[in-house]
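Notes follow once the structure below has been shown.
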Amino acid sequence: MAKAAQFADEVTFMGQKPDMAPSKAHLNVSEELRSSTMSLNKRSMVMDEDRFEDQFLRCSICKRRFSQDNLPRLLPCHHSYCQPCVLQLYQTAKEQRQHLQSSLRTITSATLTTVSVNCPTCRSNFIATDDNIHKLPADHRVVQLMDFVNHTERYTISFCSKHNLQPLNFFCELCVRPVCRDCTVLNHKEVDGHLVMDLEEAMAKYTPVLETAMAEMDAEAIALEEKRLTLENVSQTVDKAKTELLADTKACMARLRNLVNEREKALEAKIHQEIEKEKTKLNEKGETLLARKLTLETQIGRLKQAKEENNVEDIFHIHQEVKEYMSGPALKVREVDDGIMTSFALNTRDESLLASRINNFGDVGSKVETTASRTKSILRNYYRNNSSAY
């Protein structure tokens, strides 16, 4: 693909013409421009802009493009480079000269301020100093070319892939594709049903269709954006509902846990109460047994003492007391005599029912609500903040 530029019959360049003979390269480009202009009836010029820029508008050393802040500096040999590259050439030559001076040690003081700089293109040299290297003139021919490119109308030309260097200036409605002049004669003949028109005519014909399609697409884009904003708002609402539902669930479960904890404390208190009550009964029975045992042991002791003393009277009286004591009802302990004791167990008859209810406790319901009012509010805020875009 090449690029073309339109310009008037007479072109006025900005800047002053340098007071020196033009270089051969610039004479060549001027001659090419003149011959191209004459071949196109002095109305238009076709050129490869990228190649033109690389050859004439960029420094051949650093490849940076020339500009008003980076003007080309003209050497005495009529080759031009940017100011930083010229200074680098001078600095390199100066360092080489200083290195040579330090080796020979025979250089006079007059030669210390001058350096011979070689042009990278033609290898010709010129004498430069710290003062005049900064005073090299700008290459006004390149400046004129820069001004020419900046003030020239440019547009892109597409060329036919089948016919070399033939611009695509026509349009075939049947094939729906741009064609060149040779295509209209060889492959897109009107006798074969092809309707060929000028490319500008085709643009004028289909521009209203394109504008209508663009308007419809713009409307569709606005509608899609409205829907997207609505969905974004709904998504934010759903996130808020999620937070509220999680908080409600946590609070509900906390209340149930509090009830379970309270019931657990009540059951623990009941266990302590029932166990202490049974232990009290057992302790009372044990104390009764102990008291009866002590009474019998006392009587046995008295009888032994009376027998040892052969005191028949005491033996008779003690025997009568023991007989009366033993004639009473026998002390019966069911835990020993009947082998029966009190047992305890936690009554969980409702556990399975409660477990089932807990497993099915609570639910998350949903309902459909209108988003019309919420959407209108969102869209009003959106268009208010983005009114410049519409």
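Ordering of the structure tokens sets the chain letters (A, B, ...), residue numbers begin anew at 1 in every chain, and ligands are numbered from 1 in the order given.
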Determine, counting only C-alpha atoms, which protein, DNA and RNA residues have an atom within 8 Å of an atom of Ile127 in chain A; residues of the same chain fewer than 2 positions away are not included. Present the result as a PDB file with all heavy atoms, in the first residue's frame.
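Produced file result.pdb, reproduced below:
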ATOM      1  N   THR A 114      41.178  22.437  18.074  1.00  0.00           N
ATOM      2  CA  THR A 114      40.597  22.047  16.794  1.00  0.00           C
ATOM      3  C   THR A 114      40.576  20.530  16.664  1.00  0.00           C
ATOM      4  O   THR A 114      41.485  19.842  17.134  1.00  0.00           O
ATOM      5  CB  THR A 114      41.388  22.639  15.630  1.00  0.00           C
ATOM      6  OG1 THR A 114      42.720  22.145  15.673  1.00  0.00           O
ATOM      7  CG2 THR A 114      41.390  24.161  15.695  1.00  0.00           C
ATOM      8  N   VAL A 115      39.504  20.041  16.008  1.00  0.00           N
ATOM      9  CA  VAL A 115      39.326  18.603  15.826  1.00  0.00           C
ATOM     10  C   VAL A 115      38.854  18.366  14.412  1.00  0.00           C
ATOM     11  O   VAL A 115      38.043  19.123  13.867  1.00  0.00           O
ATOM     12  CB  VAL A 115      38.297  18.029  16.834  1.00  0.00           C
ATOM     13  CG1 VAL A 115      38.022  16.562  16.538  1.00  0.00           C
ATOM     14  CG2 VAL A 115      38.805  18.179  18.257  1.00  0.00           C
ATOM     15  N   SER A 116      39.342  17.323  13.789  1.00  0.00           N
ATOM     16  CA  SER A 116      38.907  16.938  12.451  1.00  0.00           C
ATOM     17  C   SER A 116      37.792  15.898  12.579  1.00  0.00           C
ATOM     18  O   SER A 116      38.002  14.815  13.139  1.00  0.00           O
ATOM     19  CB  SER A 116      40.084  16.367  11.657  1.00  0.00           C
ATOM     20  OG  SER A 116      39.650  15.936  10.380  1.00  0.00           O
ATOM     21  N   VAL A 117      36.595  16.229  12.067  1.00  0.00           N
ATOM     22  CA  VAL A 117      35.418  15.361  12.168  1.00  0.00           C
ATOM     23  C   VAL A 117      35.129  14.783  10.794  1.00  0.00           C
ATOM     24  O   VAL A 117      35.124  15.510   9.797  1.00  0.00           O
ATOM     25  CB  VAL A 117      34.196  16.141  12.693  1.00  0.00           C
ATOM     26  CG1 VAL A 117      32.986  15.228  12.797  1.00  0.00           C
ATOM     27  CG2 VAL A 117      34.510  16.778  14.046  1.00  0.00           C
ATOM     28  N   ASN A 125      36.134  15.125   5.726  1.00  0.00           N
ATOM     29  CA  ASN A 125      36.326  15.691   7.051  1.00  0.00           C
ATOM     30  C   ASN A 125      36.277  17.206   7.001  1.00  0.00           C
ATOM     31  O   ASN A 125      36.416  17.827   5.959  1.00  0.00           O
ATOM     32  CB  ASN A 125      37.637  15.210   7.653  1.00  0.00           C
ATOM     33  CG  ASN A 125      38.821  15.570   6.777  1.00  0.00           C
ATOM     34  OD1 ASN A 125      38.683  16.226   5.749  1.00  0.00           O
ATOM     35  ND2 ASN A 125      40.006  15.131   7.176  1.00  0.00           N
ATOM     36  N   THR A 129      35.491  23.185  16.162  1.00  0.00           N
ATOM     37  CA  THR A 129      35.893  23.562  17.508  1.00  0.00           C
ATOM     38  C   THR A 129      34.666  23.516  18.404  1.00  0.00           C
ATOM     39  O   THR A 129      33.535  23.326  17.946  1.00  0.00           O
ATOM     40  CB  THR A 129      36.497  24.971  17.527  1.00  0.00           C
ATOM     41  OG1 THR A 129      35.483  25.915  17.128  1.00  0.00           O
ATOM     42  CG2 THR A 129      37.691  25.066  16.573  1.00  0.00           C
TER      43      THR A 129
END
If we count only C-alpha atoms and set the cut-off at 12 Å, which residues sit around range 72-88 of chain A, ignoring sequence neighbours fewer than 5 positions away in its own chain? Please answer as a PyMOL selection string. chain A and resi 18-27+55-67+93-95+117-146
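Taking CA of Met197 in chain A and CA of Phe171 in chain A as endpoints, the distance between them is 5.4 Å.
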Using only C-alpha atoms, which of the listed residues (A:Glu244, A:Asp182, A:Glu321, A:Glu262) sits closest to Leu296 in chain A?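 Result for the nearest residue to Leu296 in chain A: A:Glu321.
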Just want the 10 Å neighbourhood of range 325-339 of chain A, counted on only C-alpha atoms, with same-chain residues fewer than 6 positions away dropped. Output as a PyMOL selection string. chain A and resi 282+285-286+288-289+292+295-296+319
Based on the selection just made, write N, CA and C atoms of those residues as a PDB file, in the first residue's frame.
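What follows is the written file part-v6.pdb:
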ATOM      1  N   LEU A 282     -29.479 -42.658 100.228  1.00  0.00           N
ATOM      2  CA  LEU A 282     -28.511 -43.706 100.498  1.00  0.00           C
ATOM      3  C   LEU A 282     -27.678 -43.384 101.728  1.00  0.00           C
ATOM      4  N   LYS A 285     -29.769 -44.131 104.813  1.00  0.00           N
ATOM      5  CA  LYS A 285     -29.826 -45.572 105.080  1.00  0.00           C
ATOM      6  C   LYS A 285     -28.504 -46.057 105.652  1.00  0.00           C
ATOM      7  N   GLY A 286     -27.411 -45.547 105.163  1.00  0.00           N
ATOM      8  CA  GLY A 286     -26.116 -45.954 105.686  1.00  0.00           C
ATOM      9  C   GLY A 286     -25.942 -45.527 107.130  1.00  0.00           C
ATOM     10  N   THR A 288     -28.342 -45.108 109.303  1.00  0.00           N
ATOM     11  CA  THR A 288     -29.227 -45.955 110.125  1.00  0.00           C
ATOM     12  C   THR A 288     -28.566 -47.304 110.388  1.00  0.00           C
ATOM     13  N   LEU A 289     -27.972 -47.890 109.341  1.00  0.00           N
ATOM     14  CA  LEU A 289     -27.277 -49.160 109.492  1.00  0.00           C
ATOM     15  C   LEU A 289     -26.110 -49.028 110.449  1.00  0.00           C
ATOM     16  N   ARG A 292     -27.414 -48.831 114.108  1.00  0.00           N
ATOM     17  CA  ARG A 292     -27.872 -50.124 114.585  1.00  0.00           C
ATOM     18  C   ARG A 292     -26.667 -51.029 114.863  1.00  0.00           C
ATOM     19  N   THR A 295     -25.101 -49.944 118.114  1.00  0.00           N
ATOM     20  CA  THR A 295     -25.927 -50.368 119.268  1.00  0.00           C
ATOM     21  C   THR A 295     -25.672 -51.843 119.575  1.00  0.00           C
ATOM     22  N   LEU A 296     -25.662 -52.681 118.529  1.00  0.00           N
ATOM     23  CA  LEU A 296     -25.423 -54.103 118.725  1.00  0.00           C
ATOM     24  C   LEU A 296     -24.018 -54.350 119.262  1.00  0.00           C
ATOM     25  N   HIS A 319     -29.623 -59.179 128.364  1.00  0.00           N
ATOM     26  CA  HIS A 319     -30.276 -60.111 127.461  1.00  0.00           C
ATOM     27  C   HIS A 319     -31.691 -59.677 127.174  1.00  0.00           C
TER      28      HIS A 319
END
